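Some notes on the structure that comes next.
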Amino acid sequence: MTFDHESVGSIQGLLVWLFFQTFEKTRDRSTRNWLKLFPRKVKRHRKRPMSAPVALSFLCGVEISHLSDGFLVCSILTLDLESIVQVLIDNMTHSSIPTRLAALRWVYSLLDQIPRYEALANQVLNVLIMKFPVYRRTFKSIEKLFPAVLKALEDDSDEVIMAALEDFAEIRSVSDQFKLLHNSAQEDHKIQGSYFRRFIRDLLTLFKKDRQILDDRGHFMIRQLCLLLSAEEIYSVVADILVDETDPVFASAMVEALSAILLTASELFELRASLRKFDRTLQQGHVFTKLYRCWAHNSVATVSLCLLAQQYQHASDLLGVIADLDVTVEHLAEIDKLVQLIESPIFTHLRMQLLDPETNAYLVRTLYGLLMLLPQSEAFENLRRRLDCVPLLQRVSQGQSVPPSDMVAAEKAFFADLLQYFINTQKRQQASIRHDRKSHS
């Protein structure tokens, strides 16, 4: 059987009708049969690619579950990919949630068809890419898809947002595997490729532009990302980007949100466990340092990070600095939340350490410091009752065991640098806030 130009157009119309059939079996059977036959028969008519209505019919008529059928996938990938991508982008803003969701799932499915040849030699991979030029076209489509999928994060539907995040995870996987760089890439390729860093940067820009998205959906998005990708990578890249944020109000709010997720979300259990095993010479120490420099945008979050990493002496030093700052109602509210978290399961290990106050004298001192910063409130009473349970001490010592002098000197220098960084960051923030208040008064 052969087709001329006119019959190709007629068959496209027929396909549209078949794909929109009410009966699922008829639609599915038609899809399977025609996808096996049609692309091969119209191969000679490449000047007339599959039109947008037919591409849309694939979106609405083909079940995603059929992607497991190899012949179906291959048939779809022989179509005009640019037209399909454009139809998918157009339907990401459709009024129907199921259509927006289907479009995003199709994006994931098309990206997922790029083969994983990690175990093969590079020469084999090159042969496969030459044989299947659709993969090159898929790479080019990433740049076009990126802003459209990012826009989907503003959707009102949690399902749509989740599908968009899954698309970004797949984009990151593909771009990292094939070392793809986006057009404006200036960064190095240290952490999972520049598309990953670009996404994190764009996500933070979205939160900054619309604080309501951060307040309403920020926690959900970050937790889902930590499920799809590595929580440590997510937090490390966020910290790298956010550390240079010039808007003190947004930086503080963003760090507050990240800190709350770190301390409470089950998805970040492994990162919390890693930070508790703090060693400045190992990976945990590098992650702590990176987070600390970012967390310095928010004083109370920095204290909570030190408590999580069991760096109680430094936490005590931080409270001394905070007491000299302009403590606002917002600061007191954050301390109130921290006290509530201390009573949560996350800090069970901290409360158990209170049974040995001589060894953990700086922990006791830190908790008393929090108590002194708080006004007499419910949080104040809760913390005071907790400290009343601490075994009686004749004196709050500075610790019983003394490590080797070279280790003490190195530790002191390390934390002295961090403390100075914290002080400088807080001074800049407070100066910026005072300047903004004057300019608006």
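Within each chain, counting starts at residue 1; across the structure tokens, chains are named A, B, ... in the order shown, with ligands numbered 1 upward in that order.
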
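Shell of Ile171 of chain A at 8 Å, with only C-alpha atoms counted and residues fewer than 2 places along the chain excluded, is Leu111, Ile142, Asp167, Phe168, Ala169, Ser173, Val174, Ser175 and Tyr195 of chain A.
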
| said: When you look at Asp90 of chain A with a cut-off of 10 Å (counting only C-alpha atoms), what residues show up, excluding the ones that are within fewer than 3 positions of it in the same chain? I need them as a ChimeraX atom specification. | reply: /A:56,84-87,93-94,100,103,148

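In this comparison, which uses only C-alpha atoms, the residue of A:Phe414, A:Tyr312, A:Phe422, A:Phe220 approaching Asn298 of chain A most closely is A:Phe422.
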
Determine, for each residue of segment 313-348 of chain A having at least one atom at most 12 Å from an atom of segment 372-394 of chain A, the closest pair of atoms and their separation in Å to one decimal, counting only C-alpha atoms; order by chain and ascending number, as JSON lines.
```
{"residue": "A:Leu319", "atom": "CA", "partner": "A:Leu373", "partner_atom": "CA", "distance": 8.5}
{"residue": "A:Gly320", "atom": "CA", "partner": "A:Leu373", "partner_atom": "CA", "distance": 10.0}
{"residue": "A:Val321", "atom": "CA", "partner": "A:Leu373", "partner_atom": "CA", "distance": 11.7}
{"residue": "A:Ile322", "atom": "CA", "partner": "A:Leu373", "partner_atom": "CA", "distance": 9.1}
{"residue": "A:Ala323", "atom": "CA", "partner": "A:Leu373", "partner_atom": "CA", "distance": 7.3}
{"residue": "A:Asp324", "atom": "CA", "partner": "A:Leu373", "partner_atom": "CA", "distance": 10.9}
{"residue": "A:Leu325", "atom": "CA", "partner": "A:Leu373", "partner_atom": "CA", "distance": 11.5}
{"residue": "A:Asp326", "atom": "CA", "partner": "A:Leu373", "partner_atom": "CA", "distance": 12.0}
{"residue": "A:Val327", "atom": "CA", "partner": "A:Leu373", "partner_atom": "CA", "distance": 8.9}
{"residue": "A:Thr328", "atom": "CA", "partner": "A:Leu373", "partner_atom": "CA", "distance": 11.0}
{"residue": "A:Val329", "atom": "CA", "partner": "A:Leu374", "partner_atom": "CA", "distance": 10.4}
{"residue": "A:Glu330", "atom": "CA", "partner": "A:Leu374", "partner_atom": "CA", "distance": 11.9}
{"residue": "A:His331", "atom": "CA", "partner": "A:Leu374", "partner_atom": "CA", "distance": 9.7}
{"residue": "A:Leu332", "atom": "CA", "partner": "A:Leu374", "partner_atom": "CA", "distance": 6.5}
{"residue": "A:Ala333", "atom": "CA", "partner": "A:Leu374", "partner_atom": "CA", "distance": 9.1}
{"residue": "A:Glu334", "atom": "CA", "partner": "A:Leu374", "partner_atom": "CA", "distance": 10.3}
{"residue": "A:Ile335", "atom": "CA", "partner": "A:Leu374", "partner_atom": "CA", "distance": 7.3}
{"residue": "A:Asp336", "atom": "CA", "partner": "A:Ala379", "partner_atom": "CA", "distance": 5.7}
{"residue": "A:Lys337", "atom": "CA", "partner": "A:Ala379", "partner_atom": "CA", "distance": 8.2}
{"residue": "A:Leu338", "atom": "CA", "partner": "A:Ala379", "partner_atom": "CA", "distance": 9.2}
{"residue": "A:Val339", "atom": "CA", "partner": "A:Ala379", "partner_atom": "CA", "distance": 6.3}
{"residue": "A:Gln340", "atom": "CA", "partner": "A:Ala379", "partner_atom": "CA", "distance": 7.0}
{"residue": "A:Leu341", "atom": "CA", "partner": "A:Ala379", "partner_atom": "CA", "distance": 10.5}
{"residue": "A:Ile342", "atom": "CA", "partner": "A:Leu383", "partner_atom": "CA", "distance": 8.7}
{"residue": "A:Glu343", "atom": "CA", "partner": "A:Leu383", "partner_atom": "CA", "distance": 8.6}
```

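For the residues A:Glu233, A:Glu358, A:Asp247, A:Glu267, ranking by smallest atom-to-atom distance to Ser432 of chain A using only C-alpha atoms places A:Asp247 first.
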
| Nearest to Asp202 of chain A by atom-to-atom distance, counting only C-alpha atoms, from A:Ile234, A:Ser109, A:Val300, A:Lys151 |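 The shortest atom-to-atom distance to Asp202 of chain A comes from A:Lys151.
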
| query | Within 10 Å of His297 of chain A, counting only C-alpha atoms, which residues qualify if same-chain residues fewer than 5 places away don't, as JSON, numbers by chain? | reply | {"A": [242, 243, 244, 245, 247, 248, 249, 250, 251, 252, 253, 254, 255, 256, 292, 302, 422, 425, 426, 428, 429]}

| atom CA of Leu229 of chain A to atom CA of Ile161 of chain A, straight-line distance in Å |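 These atoms are spaced 15.5 Å apart.
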